[in-house]
>>> print(open('coords-v2.txt').read())   # compact mmCIF, N, CA and C atoms
# COMPACT_ATOMS: atom_id res chain seq x y z
N MET U 1 -15.17 2.82 6.31
CA MET U 1 -14.16 1.94 5.77
C MET U 1 -13.66 1.06 6.89
N LEU U 2 -13.48 -0.19 6.57
CA LEU U 2 -12.95 -1.17 7.51
C LEU U 2 -11.48 -1.39 7.18
N VAL U 3 -10.63 -1.43 8.19
CA VAL U 3 -9.21 -1.70 8.00
C VAL U 3 -8.87 -3.01 8.70
N ILE U 4 -8.27 -3.93 7.94
CA ILE U 4 -7.80 -5.20 8.48
C ILE U 4 -6.28 -5.20 8.35
N ALA U 5 -5.61 -5.20 9.48
CA ALA U 5 -4.15 -5.16 9.49
C ALA U 5 -3.62 -6.24 10.41
N GLY U 6 -2.40 -6.64 10.18
CA GLY U 6 -1.81 -7.64 11.06
C GLY U 6 -0.55 -8.22 10.47
N ALA U 7 -0.03 -9.18 11.17
CA ALA U 7 1.23 -9.81 10.79
C ALA U 7 1.08 -10.68 9.54
N THR U 8 2.20 -10.99 8.94
CA THR U 8 2.23 -11.89 7.80
C THR U 8 1.60 -13.23 8.17
N ALA U 9 0.80 -13.76 7.24
CA ALA U 9 0.16 -15.08 7.40
C ALA U 9 -0.86 -15.13 8.53
N ALA U 10 -1.42 -13.98 8.90
CA ALA U 10 -2.43 -13.95 9.97
C ALA U 10 -3.84 -14.21 9.44
N GLY U 11 -4.00 -14.25 8.11
CA GLY U 11 -5.32 -14.51 7.54
C GLY U 11 -6.05 -13.27 7.08
N LYS U 12 -5.35 -12.15 6.90
CA LYS U 12 -5.97 -10.89 6.50
C LYS U 12 -6.68 -11.00 5.15
N THR U 13 -6.00 -11.61 4.18
CA THR U 13 -6.56 -11.70 2.83
C THR U 13 -7.85 -12.49 2.82
N GLN U 14 -7.87 -13.63 3.48
CA GLN U 14 -9.08 -14.46 3.49
C GLN U 14 -10.21 -13.77 4.24
N LEU U 15 -9.90 -13.13 5.37
CA LEU U 15 -10.93 -12.42 6.12
C LEU U 15 -11.51 -11.29 5.28
N ALA U 16 -10.65 -10.52 4.61
CA ALA U 16 -11.13 -9.43 3.76
C ALA U 16 -12.01 -9.97 2.64
N LEU U 17 -11.60 -11.06 2.04
CA LEU U 17 -12.38 -11.66 0.96
C LEU U 17 -13.75 -12.13 1.48
N ASP U 18 -13.77 -12.83 2.60
CA ASP U 18 -15.03 -13.31 3.18
C ASP U 18 -15.98 -12.15 3.48
N LEU U 19 -15.44 -11.09 4.08
CA LEU U 19 -16.28 -9.93 4.42
C LEU U 19 -16.75 -9.20 3.17
N ALA U 20 -15.87 -9.08 2.18
CA ALA U 20 -16.25 -8.40 0.94
C ALA U 20 -17.39 -9.14 0.24
N LEU U 21 -17.31 -10.45 0.21
CA LEU U 21 -18.39 -11.23 -0.40
C LEU U 21 -19.69 -11.10 0.39
N ARG U 22 -19.58 -11.11 1.69
CA ARG U 22 -20.78 -11.04 2.54
C ARG U 22 -21.45 -9.66 2.48
N PHE U 23 -20.64 -8.59 2.40
CA PHE U 23 -21.19 -7.24 2.49
C PHE U 23 -21.09 -6.44 1.20
N ASP U 24 -20.86 -7.12 0.07
CA ASP U 24 -20.77 -6.46 -1.24
C ASP U 24 -19.76 -5.30 -1.20
N ALA U 25 -18.57 -5.62 -0.75
CA ALA U 25 -17.51 -4.62 -0.62
C ALA U 25 -16.40 -4.88 -1.63
N GLU U 26 -15.49 -3.94 -1.73
CA GLU U 26 -14.29 -4.08 -2.55
C GLU U 26 -13.08 -3.92 -1.65
N ILE U 27 -11.98 -4.52 -2.07
CA ILE U 27 -10.78 -4.55 -1.24
C ILE U 27 -9.72 -3.60 -1.78
N VAL U 28 -9.15 -2.82 -0.88
CA VAL U 28 -8.01 -1.95 -1.20
C VAL U 28 -6.81 -2.56 -0.49
N GLY U 29 -5.85 -3.05 -1.27
CA GLY U 29 -4.67 -3.67 -0.69
C GLY U 29 -3.76 -2.63 -0.06
N ALA U 30 -3.23 -2.94 1.09
CA ALA U 30 -2.31 -2.04 1.80
C ALA U 30 -1.01 -2.80 2.07
N ASP U 31 -0.38 -3.22 0.99
CA ASP U 31 0.86 -3.99 1.09
C ASP U 31 1.89 -3.39 0.15
N SER U 32 3.05 -3.06 0.67
CA SER U 32 4.07 -2.37 -0.11
C SER U 32 4.68 -3.22 -1.20
N ARG U 33 4.45 -4.50 -1.21
CA ARG U 33 4.99 -5.38 -2.26
C ARG U 33 3.91 -5.87 -3.22
N GLN U 34 2.69 -5.99 -2.74
CA GLN U 34 1.62 -6.47 -3.60
C GLN U 34 1.18 -5.44 -4.64
N VAL U 35 1.64 -4.20 -4.52
CA VAL U 35 1.33 -3.20 -5.55
C VAL U 35 2.02 -3.52 -6.87
N TYR U 36 3.08 -4.34 -6.82
CA TYR U 36 3.87 -4.62 -8.02
C TYR U 36 3.28 -5.76 -8.85
N ASN U 37 3.35 -5.59 -10.17
CA ASN U 37 2.91 -6.61 -11.13
C ASN U 37 3.84 -7.81 -11.11
N ASP U 38 3.29 -8.95 -11.48
CA ASP U 38 4.06 -10.16 -11.78
C ASP U 38 4.94 -10.64 -10.64
N MET U 39 4.50 -10.46 -9.39
CA MET U 39 5.26 -10.94 -8.24
C MET U 39 4.34 -11.64 -7.23
N PRO U 40 3.48 -12.54 -7.69
CA PRO U 40 2.48 -13.10 -6.77
C PRO U 40 3.05 -13.99 -5.68
N ILE U 41 4.10 -14.74 -5.99
CA ILE U 41 4.60 -15.70 -5.00
C ILE U 41 5.39 -14.99 -3.90
N GLY U 42 6.33 -14.15 -4.27
CA GLY U 42 7.17 -13.47 -3.29
C GLY U 42 6.44 -12.47 -2.44
N THR U 43 5.24 -12.07 -2.85
CA THR U 43 4.49 -11.07 -2.09
C THR U 43 3.25 -11.63 -1.41
N ALA U 44 2.96 -12.90 -1.62
CA ALA U 44 1.73 -13.52 -1.11
C ALA U 44 0.50 -12.75 -1.57
N ALA U 45 0.54 -12.35 -2.85
CA ALA U 45 -0.58 -11.61 -3.43
C ALA U 45 -1.84 -12.48 -3.44
N PRO U 46 -3.01 -11.84 -3.46
CA PRO U 46 -4.25 -12.61 -3.51
C PRO U 46 -4.24 -13.51 -4.75
N PRO U 47 -4.73 -14.74 -4.61
CA PRO U 47 -4.75 -15.66 -5.76
C PRO U 47 -5.75 -15.19 -6.83
N PRO U 48 -5.59 -15.68 -8.06
CA PRO U 48 -6.50 -15.27 -9.15
C PRO U 48 -7.97 -15.45 -8.80
N GLU U 49 -8.31 -16.51 -8.06
CA GLU U 49 -9.72 -16.74 -7.70
C GLU U 49 -10.26 -15.59 -6.85
N ALA U 50 -9.44 -15.09 -5.92
CA ALA U 50 -9.86 -13.98 -5.07
C ALA U 50 -10.00 -12.70 -5.89
N LEU U 51 -9.04 -12.48 -6.79
CA LEU U 51 -9.08 -11.28 -7.63
C LEU U 51 -10.29 -11.27 -8.55
N SER U 52 -10.73 -12.44 -8.97
CA SER U 52 -11.91 -12.50 -9.84
C SER U 52 -13.22 -12.48 -9.05
N ALA U 53 -13.18 -12.89 -7.79
CA ALA U 53 -14.40 -12.93 -6.97
C ALA U 53 -14.78 -11.56 -6.43
N VAL U 54 -13.77 -10.76 -6.11
CA VAL U 54 -13.99 -9.44 -5.51
C VAL U 54 -13.04 -8.45 -6.18
N ARG U 55 -13.55 -7.29 -6.50
CA ARG U 55 -12.69 -6.27 -7.11
C ARG U 55 -11.65 -5.79 -6.10
N HIS U 56 -10.40 -5.78 -6.54
CA HIS U 56 -9.27 -5.34 -5.71
C HIS U 56 -8.67 -4.06 -6.30
N HIS U 57 -8.19 -3.21 -5.44
CA HIS U 57 -7.52 -1.97 -5.84
C HIS U 57 -6.14 -1.94 -5.18
N CYS U 58 -5.21 -1.27 -5.79
CA CYS U 58 -3.85 -1.12 -5.26
C CYS U 58 -3.12 -2.46 -5.16
N VAL U 59 -3.44 -3.37 -6.06
CA VAL U 59 -2.79 -4.68 -6.12
C VAL U 59 -2.35 -4.90 -7.57
N ALA U 60 -1.09 -5.31 -7.77
CA ALA U 60 -0.55 -5.62 -9.10
C ALA U 60 -0.81 -4.51 -10.09
N MET U 61 -0.40 -3.30 -9.73
CA MET U 61 -0.68 -2.14 -10.58
C MET U 61 0.56 -1.34 -10.98
N VAL U 62 1.72 -1.72 -10.48
CA VAL U 62 2.94 -0.95 -10.73
C VAL U 62 4.03 -1.87 -11.24
N ASP U 63 4.80 -1.41 -12.21
CA ASP U 63 5.94 -2.16 -12.71
C ASP U 63 6.98 -2.29 -11.59
N PRO U 64 7.61 -3.45 -11.43
CA PRO U 64 8.58 -3.63 -10.34
C PRO U 64 9.76 -2.65 -10.36
N TYR U 65 10.03 -2.06 -11.51
CA TYR U 65 11.15 -1.11 -11.60
C TYR U 65 10.71 0.33 -11.36
N GLU U 66 9.42 0.53 -11.16
CA GLU U 66 8.88 1.87 -10.93
C GLU U 66 8.96 2.23 -9.45
N ARG U 67 9.27 3.48 -9.17
CA ARG U 67 9.32 3.95 -7.78
C ARG U 67 7.89 4.11 -7.26
N TYR U 68 7.65 3.58 -6.07
CA TYR U 68 6.34 3.69 -5.43
C TYR U 68 6.58 4.06 -3.98
N SER U 69 5.69 4.84 -3.40
CA SER U 69 5.92 5.35 -2.04
C SER U 69 4.64 5.32 -1.24
N ALA U 70 4.79 5.55 0.05
CA ALA U 70 3.61 5.64 0.92
C ALA U 70 2.74 6.83 0.52
N GLY U 71 3.37 7.91 0.09
CA GLY U 71 2.60 9.07 -0.36
C GLY U 71 1.76 8.75 -1.58
N ARG U 72 2.36 8.05 -2.51
CA ARG U 72 1.60 7.65 -3.71
C ARG U 72 0.52 6.65 -3.34
N PHE U 73 0.82 5.73 -2.44
CA PHE U 73 -0.20 4.78 -1.98
C PHE U 73 -1.39 5.54 -1.38
N GLU U 74 -1.09 6.52 -0.54
CA GLU U 74 -2.18 7.29 0.08
C GLU U 74 -3.10 7.88 -0.99
N ARG U 75 -2.52 8.49 -2.00
CA ARG U 75 -3.32 9.09 -3.07
C ARG U 75 -4.11 8.03 -3.84
N ASP U 76 -3.43 6.92 -4.20
CA ASP U 76 -4.11 5.86 -4.95
C ASP U 76 -5.23 5.23 -4.14
N ALA U 77 -4.98 4.99 -2.87
CA ALA U 77 -5.98 4.36 -2.01
C ALA U 77 -7.18 5.28 -1.79
N LEU U 78 -6.92 6.57 -1.54
CA LEU U 78 -8.02 7.51 -1.34
C LEU U 78 -8.87 7.63 -2.60
N THR U 79 -8.24 7.62 -3.77
CA THR U 79 -8.98 7.65 -5.04
C THR U 79 -9.83 6.40 -5.18
N ALA U 80 -9.25 5.24 -4.88
CA ALA U 80 -10.00 3.99 -4.97
C ALA U 80 -11.18 3.97 -4.01
N ILE U 81 -10.95 4.41 -2.78
CA ILE U 81 -12.01 4.42 -1.77
C ILE U 81 -13.14 5.35 -2.18
N ALA U 82 -12.80 6.52 -2.69
CA ALA U 82 -13.82 7.46 -3.16
C ALA U 82 -14.64 6.84 -4.30
N ASP U 83 -13.97 6.14 -5.21
CA ASP U 83 -14.65 5.48 -6.33
C ASP U 83 -15.57 4.37 -5.82
N ILE U 84 -15.09 3.60 -4.88
CA ILE U 84 -15.90 2.51 -4.30
C ILE U 84 -17.16 3.09 -3.65
N HIS U 85 -16.97 4.12 -2.85
CA HIS U 85 -18.12 4.73 -2.16
C HIS U 85 -19.08 5.40 -3.15
N ALA U 86 -18.54 5.99 -4.21
CA ALA U 86 -19.39 6.64 -5.21
C ALA U 86 -20.30 5.62 -5.91
N ARG U 87 -19.88 4.38 -5.95
CA ARG U 87 -20.69 3.32 -6.54
C ARG U 87 -21.57 2.64 -5.52
N GLY U 88 -21.63 3.20 -4.31
CA GLY U 88 -22.52 2.67 -3.27
C GLY U 88 -22.03 1.41 -2.60
N LYS U 89 -20.74 1.15 -2.68
CA LYS U 89 -20.18 -0.06 -2.06
C LYS U 89 -19.34 0.32 -0.85
N ARG U 90 -18.97 -0.69 -0.10
CA ARG U 90 -18.10 -0.51 1.05
C ARG U 90 -16.66 -0.80 0.65
N ALA U 91 -15.74 -0.17 1.36
CA ALA U 91 -14.31 -0.38 1.13
C ALA U 91 -13.70 -1.09 2.32
N ILE U 92 -12.91 -2.11 2.02
CA ILE U 92 -12.15 -2.82 3.05
C ILE U 92 -10.68 -2.65 2.70
N VAL U 93 -9.92 -2.03 3.58
CA VAL U 93 -8.49 -1.88 3.41
C VAL U 93 -7.83 -3.03 4.15
N ALA U 94 -7.02 -3.82 3.45
CA ALA U 94 -6.42 -4.99 4.07
C ALA U 94 -4.96 -5.11 3.66
N GLY U 95 -4.10 -5.27 4.66
CA GLY U 95 -2.70 -5.47 4.35
C GLY U 95 -1.82 -5.41 5.57
N GLY U 96 -0.57 -5.74 5.33
CA GLY U 96 0.37 -5.83 6.44
C GLY U 96 1.43 -4.75 6.48
N THR U 97 1.31 -3.73 5.62
CA THR U 97 2.29 -2.65 5.67
C THR U 97 1.73 -1.53 6.54
N GLY U 98 2.09 -1.57 7.80
CA GLY U 98 1.57 -0.60 8.76
C GLY U 98 1.83 0.84 8.37
N PHE U 99 2.97 1.10 7.76
CA PHE U 99 3.29 2.48 7.36
C PHE U 99 2.29 2.96 6.31
N TYR U 100 1.89 2.10 5.39
CA TYR U 100 0.89 2.47 4.39
C TYR U 100 -0.45 2.75 5.07
N ILE U 101 -0.82 1.93 6.01
CA ILE U 101 -2.10 2.12 6.70
C ILE U 101 -2.07 3.41 7.50
N ARG U 102 -0.93 3.69 8.18
CA ARG U 102 -0.82 4.95 8.92
C ARG U 102 -0.86 6.15 7.97
N ALA U 103 -0.24 6.02 6.79
CA ALA U 103 -0.28 7.10 5.80
C ALA U 103 -1.72 7.36 5.36
N LEU U 104 -2.46 6.29 5.13
CA LEU U 104 -3.84 6.42 4.67
C LEU U 104 -4.76 7.01 5.74
N THR U 105 -4.55 6.64 6.98
CA THR U 105 -5.45 7.09 8.05
C THR U 105 -4.99 8.38 8.72
N GLY U 106 -3.91 8.96 8.23
CA GLY U 106 -3.45 10.24 8.75
C GLY U 106 -2.53 10.14 9.93
N GLY U 107 -2.02 8.96 10.20
CA GLY U 107 -1.15 8.76 11.35
C GLY U 107 0.30 9.13 11.12
N VAL U 108 0.61 9.65 9.94
CA VAL U 108 1.99 10.00 9.64
C VAL U 108 1.98 11.14 8.62
N GLY U 109 2.90 12.08 8.77
CA GLY U 109 3.00 13.17 7.82
C GLY U 109 3.91 12.78 6.66
N LEU U 110 3.45 13.01 5.44
CA LEU U 110 4.21 12.63 4.26
C LEU U 110 4.51 13.83 3.39
N ALA U 111 5.67 13.81 2.77
CA ALA U 111 6.00 14.84 1.79
C ALA U 111 5.14 14.61 0.55
N ARG U 112 4.76 15.64 -0.11
CA ARG U 112 3.91 15.52 -1.30
C ARG U 112 4.70 15.09 -2.53
N ALA U 113 6.02 15.25 -2.48
CA ALA U 113 6.83 14.88 -3.64
C ALA U 113 8.13 14.25 -3.18
N TYR U 114 8.68 13.40 -4.03
CA TYR U 114 9.97 12.77 -3.77
C TYR U 114 11.04 13.84 -3.87
N ASP U 115 11.92 13.92 -2.89
CA ASP U 115 12.95 14.95 -2.85
C ASP U 115 14.32 14.30 -3.09
N GLU U 116 14.76 14.35 -4.33
CA GLU U 116 16.02 13.73 -4.73
C GLU U 116 17.21 14.31 -3.98
N LYS U 117 17.22 15.63 -3.78
CA LYS U 117 18.34 16.27 -3.07
C LYS U 117 18.40 15.84 -1.61
N LEU U 118 17.26 15.78 -0.96
CA LEU U 118 17.23 15.34 0.44
C LEU U 118 17.71 13.89 0.55
N ARG U 119 17.24 13.04 -0.32
CA ARG U 119 17.65 11.63 -0.28
C ARG U 119 19.17 11.51 -0.48
N ALA U 120 19.72 12.26 -1.42
CA ALA U 120 21.17 12.21 -1.68
C ALA U 120 21.95 12.70 -0.46
N ARG U 121 21.46 13.77 0.17
CA ARG U 121 22.13 14.28 1.36
C ARG U 121 22.11 13.26 2.50
N LEU U 122 20.97 12.63 2.70
CA LEU U 122 20.87 11.63 3.76
C LEU U 122 21.74 10.41 3.47
N GLN U 123 21.86 10.03 2.21
CA GLN U 123 22.75 8.92 1.86
C GLN U 123 24.20 9.27 2.13
N ARG U 124 24.58 10.50 1.85
CA ARG U 124 25.96 10.95 2.15
C ARG U 124 26.19 10.92 3.66
N GLU U 125 25.24 11.42 4.43
CA GLU U 125 25.38 11.44 5.89
C GLU U 125 25.42 10.02 6.45
N ALA U 126 24.64 9.11 5.87
CA ALA U 126 24.63 7.73 6.34
C ALA U 126 25.97 7.04 6.08
N ALA U 127 26.64 7.47 5.02
CA ALA U 127 27.95 6.88 4.70
C ALA U 127 29.03 7.36 5.67
N VAL U 128 28.82 8.52 6.27
CA VAL U 128 29.83 9.13 7.13
C VAL U 128 29.57 8.87 8.62
N HIS U 129 28.28 8.90 9.00
CA HIS U 129 27.90 8.82 10.41
C HIS U 129 27.31 7.47 10.79
N GLU U 130 27.30 7.20 12.06
CA GLU U 130 26.65 5.99 12.60
C GLU U 130 25.14 6.17 12.47
N ALA U 131 24.41 5.05 12.52
CA ALA U 131 22.96 5.08 12.37
C ALA U 131 22.27 5.97 13.41
N ASP U 132 22.79 5.99 14.63
CA ASP U 132 22.18 6.81 15.68
C ASP U 132 22.14 8.30 15.30
N PHE U 133 23.11 8.75 14.54
CA PHE U 133 23.16 10.14 14.12
C PHE U 133 21.93 10.50 13.30
N LEU U 134 21.56 9.63 12.37
CA LEU U 134 20.40 9.89 11.51
C LEU U 134 19.10 9.66 12.25
N HIS U 135 19.07 8.71 13.16
CA HIS U 135 17.84 8.47 13.91
C HIS U 135 17.52 9.65 14.78
>>> encode(input="coords-v2.txt", output="structure tokens")
Amino acid sequence: MLVIAGATAAGKTQLALDLALRFDAEIVGADSRQVYNDMPIGTAAPPPEALSAVRHHCVAMVDPYERYSAGRFERDALTAIADIHARGKRAIVAGGTGFYIRALTGGVGLARAYDEKLRARLQREAAVHEADFLH
């Protein structure tokens, strides 16, 4: 699997598209905002021409009001990559959300489930303490 990562407007999408066309690959988006439906402008999502030229995964697949996480991205991306490879194609992961890429490549430990109690406790502590306390 090839990973293309970098800053906003660095040309990741076009490079991934060019390589996918050249090497008969599919693209797995690694962007925390492009996973949401109906938000192409604010997220710099791949244009319709790119989406029709090369199969994309993890792009425009979640309702904007739905909770999505790096843990869920890891599962979705691994499923997509396995499917791509099972069909004899190459996978190109492209995006600018470094935390998603680290989650996918094993560079960060993630909880398997969303912990509502932990989040509530941390929100209470954040309301009482300075940021350094939580860091």
>>> residues_around(input="coords-v2.txt", residues="Phe73 (chain U)", least_positions_apart="4", cutoff="8 Å", atoms="only N, CA and C atoms", output="list in words")
Cys58, Tyr68, Ser69, Ala77, Leu78, Thr79, Tyr100, Ala103 and Leu104 of chain U
>>> residues_around(input="coords-v2.txt", residues="Pro64 (chain U)", least_positions_apart="4", cutoff="10 Å", atoms="only C-alpha atoms", output="number ranges by chain")
U: 33, 35-39, 60, 68
>>> write_last_selection(input="coords-v2.txt", atoms="N, CA and C atoms", output="PDB file, in the frame of the given file")
ATOM      1  N   ARG U  33       4.450  -4.500  -1.210  1.00  0.00           N
ATOM      2  CA  ARG U  33       4.990  -5.380  -2.260  1.00  0.00           C
ATOM      3  C   ARG U  33       3.910  -5.870  -3.220  1.00  0.00           C
ATOM      4  N   VAL U  35       1.640  -4.200  -4.520  1.00  0.00           N
ATOM      5  CA  VAL U  35       1.330  -3.200  -5.550  1.00  0.00           C
ATOM      6  C   VAL U  35       2.020  -3.520  -6.870  1.00  0.00           C
ATOM      7  N   TYR U  36       3.080  -4.340  -6.820  1.00  0.00           N
ATOM      8  CA  TYR U  36       3.870  -4.620  -8.020  1.00  0.00           C
ATOM      9  C   TYR U  36       3.280  -5.760  -8.850  1.00  0.00           C
ATOM     10  N   ASN U  37       3.350  -5.590 -10.170  1.00  0.00           N
ATOM     11  CA  ASN U  37       2.910  -6.610 -11.130  1.00  0.00           C
ATOM     12  C   ASN U  37       3.840  -7.810 -11.110  1.00  0.00           C
ATOM     13  N   ASP U  38       3.290  -8.950 -11.480  1.00  0.00           N
ATOM     14  CA  ASP U  38       4.060 -10.160 -11.780  1.00  0.00           C
ATOM     15  C   ASP U  38       4.940 -10.640 -10.640  1.00  0.00           C
ATOM     16  N   MET U  39       4.500 -10.460  -9.390  1.00  0.00           N
ATOM     17  CA  MET U  39       5.260 -10.940  -8.240  1.00  0.00           C
ATOM     18  C   MET U  39       4.340 -11.640  -7.230  1.00  0.00           C
ATOM     19  N   ALA U  60      -1.090  -5.310  -7.770  1.00  0.00           N
ATOM     20  CA  ALA U  60      -0.550  -5.620  -9.100  1.00  0.00           C
ATOM     21  C   ALA U  60      -0.810  -4.510 -10.090  1.00  0.00           C
ATOM     22  N   TYR U  68       7.650   3.580  -6.070  1.00  0.00           N
ATOM     23  CA  TYR U  68       6.340   3.690  -5.430  1.00  0.00           C
ATOM     24  C   TYR U  68       6.580   4.060  -3.980  1.00  0.00           C
TER      25      TYR U  68
END
>>> atom_distance(input="coords-v2.txt", atom1="atom N of Ser32 (chain U)", atom2="atom N of Phe99 (chain U)")
8.2 Å
>>> atom_distance(input="coords-v2.txt", atom1="CA of Ala86 (chain U)", atom2="atom C of Leu110 (chain U)")
26.4 Å
>>> axis_aligned_box(input="coords-v2.txt", around="region 20-36 of chain U", padding_each_side="4 Å", output="AutoDock Vina command-line options")
--center_x -8.2 --center_y -6.6 --center_z -3.2 --size_x 34.4 --size_y 17.3 --size_z 19.4
>>> closest_residue(input="coords-v2.txt", among="U:Glu130, U:Asp63, U:Glu26, U:Asp76", to="Val93 (chain U)", atoms="all atoms listed in the file")
U:Glu26
>>> closest_residue(input="coords-v2.txt", among="U:Ala10, U:Leu17, U:Ile101, U:Leu118", to="Ala50 (chain U)", atoms="all atoms listed in the file")
U:Leu17
>>> closest_residue(input="coords-v2.txt", among="U:Lys12, U:His56, U:Arg72, U:Arg87", to="Tyr114 (chain U)", atoms="only C-alpha atoms")
U:Arg72
>>> select_by_dssp(input="coords-v2.txt", residues="chain U", states="strand (DSSP E)", output="list in words")
Leu2, Val3, Ile4, Ala5, Ala25, Glu26, Ile27, Val28, Gly29, His56, His57, Arg90, Ala91, Ile92, Val93, Ala94 and Gly95 of chain U
>>> closest_residue(input="coords-v2.txt", among="U:Ala7, U:Val54, U:Ala44, U:Ile92", to="Ala30 (chain U)", atoms="all atoms listed in the file")
U:Ile92
>>> atom_distance(input="coords-v2.txt", atom1="CA of Leu19 (chain U)", atom2="atom C of Pro40 (chain U)")
22.2 Å
>>> select_by_dssp(input="coords-v2.txt", residues="region 4-111 of chain U", states="alpha helix (DSSP H)", output="number ranges by chain")
U: 12-23, 40-43, 48-53, 70-86, 98-105
>>> closest_residue(input="coords-v2.txt", among="U:Arg124, U:Ala5, U:Lys117, U:Ala20", to="Arg55 (chain U)", atoms="only N, CA and C atoms")
U:Ala20
>>> closest_residue(input="coords-v2.txt", among="U:Leu51, U:Val28, U:Ala80, U:Leu15", to="Gly95 (chain U)", atoms="all atoms listed in the file")
U:Val28
>>> residues_around(input="coords-v2.txt", residues="region 120-123 of chain U", least_positions_apart="5", cutoff="9 Å", atoms="only C-alpha atoms", output="PyMOL selection string")
chain U and resi 115+128+134
>>> write_last_selection(input="coords-v2.txt", atoms="N, CA and C atoms", output="PDB file, keeping the file's coordinate frame")
ATOM      1  N   ASP U 115      11.920  13.920  -2.890  1.00  0.00           N
ATOM      2  CA  ASP U 115      12.950  14.950  -2.850  1.00  0.00           C
ATOM      3  C   ASP U 115      14.320  14.300  -3.090  1.00  0.00           C
ATOM      4  N   VAL U 128      28.820   8.520   6.270  1.00  0.00           N
ATOM      5  CA  VAL U 128      29.830   9.130   7.130  1.00  0.00           C
ATOM      6  C   VAL U 128      29.570   8.870   8.620  1.00  0.00           C
ATOM      7  N   LEU U 134      21.560   9.630  12.370  1.00  0.00           N
ATOM      8  CA  LEU U 134      20.400   9.890  11.510  1.00  0.00           C
ATOM      9  C   LEU U 134      19.100   9.660  12.250  1.00  0.00           C
TER      10      LEU U 134
END
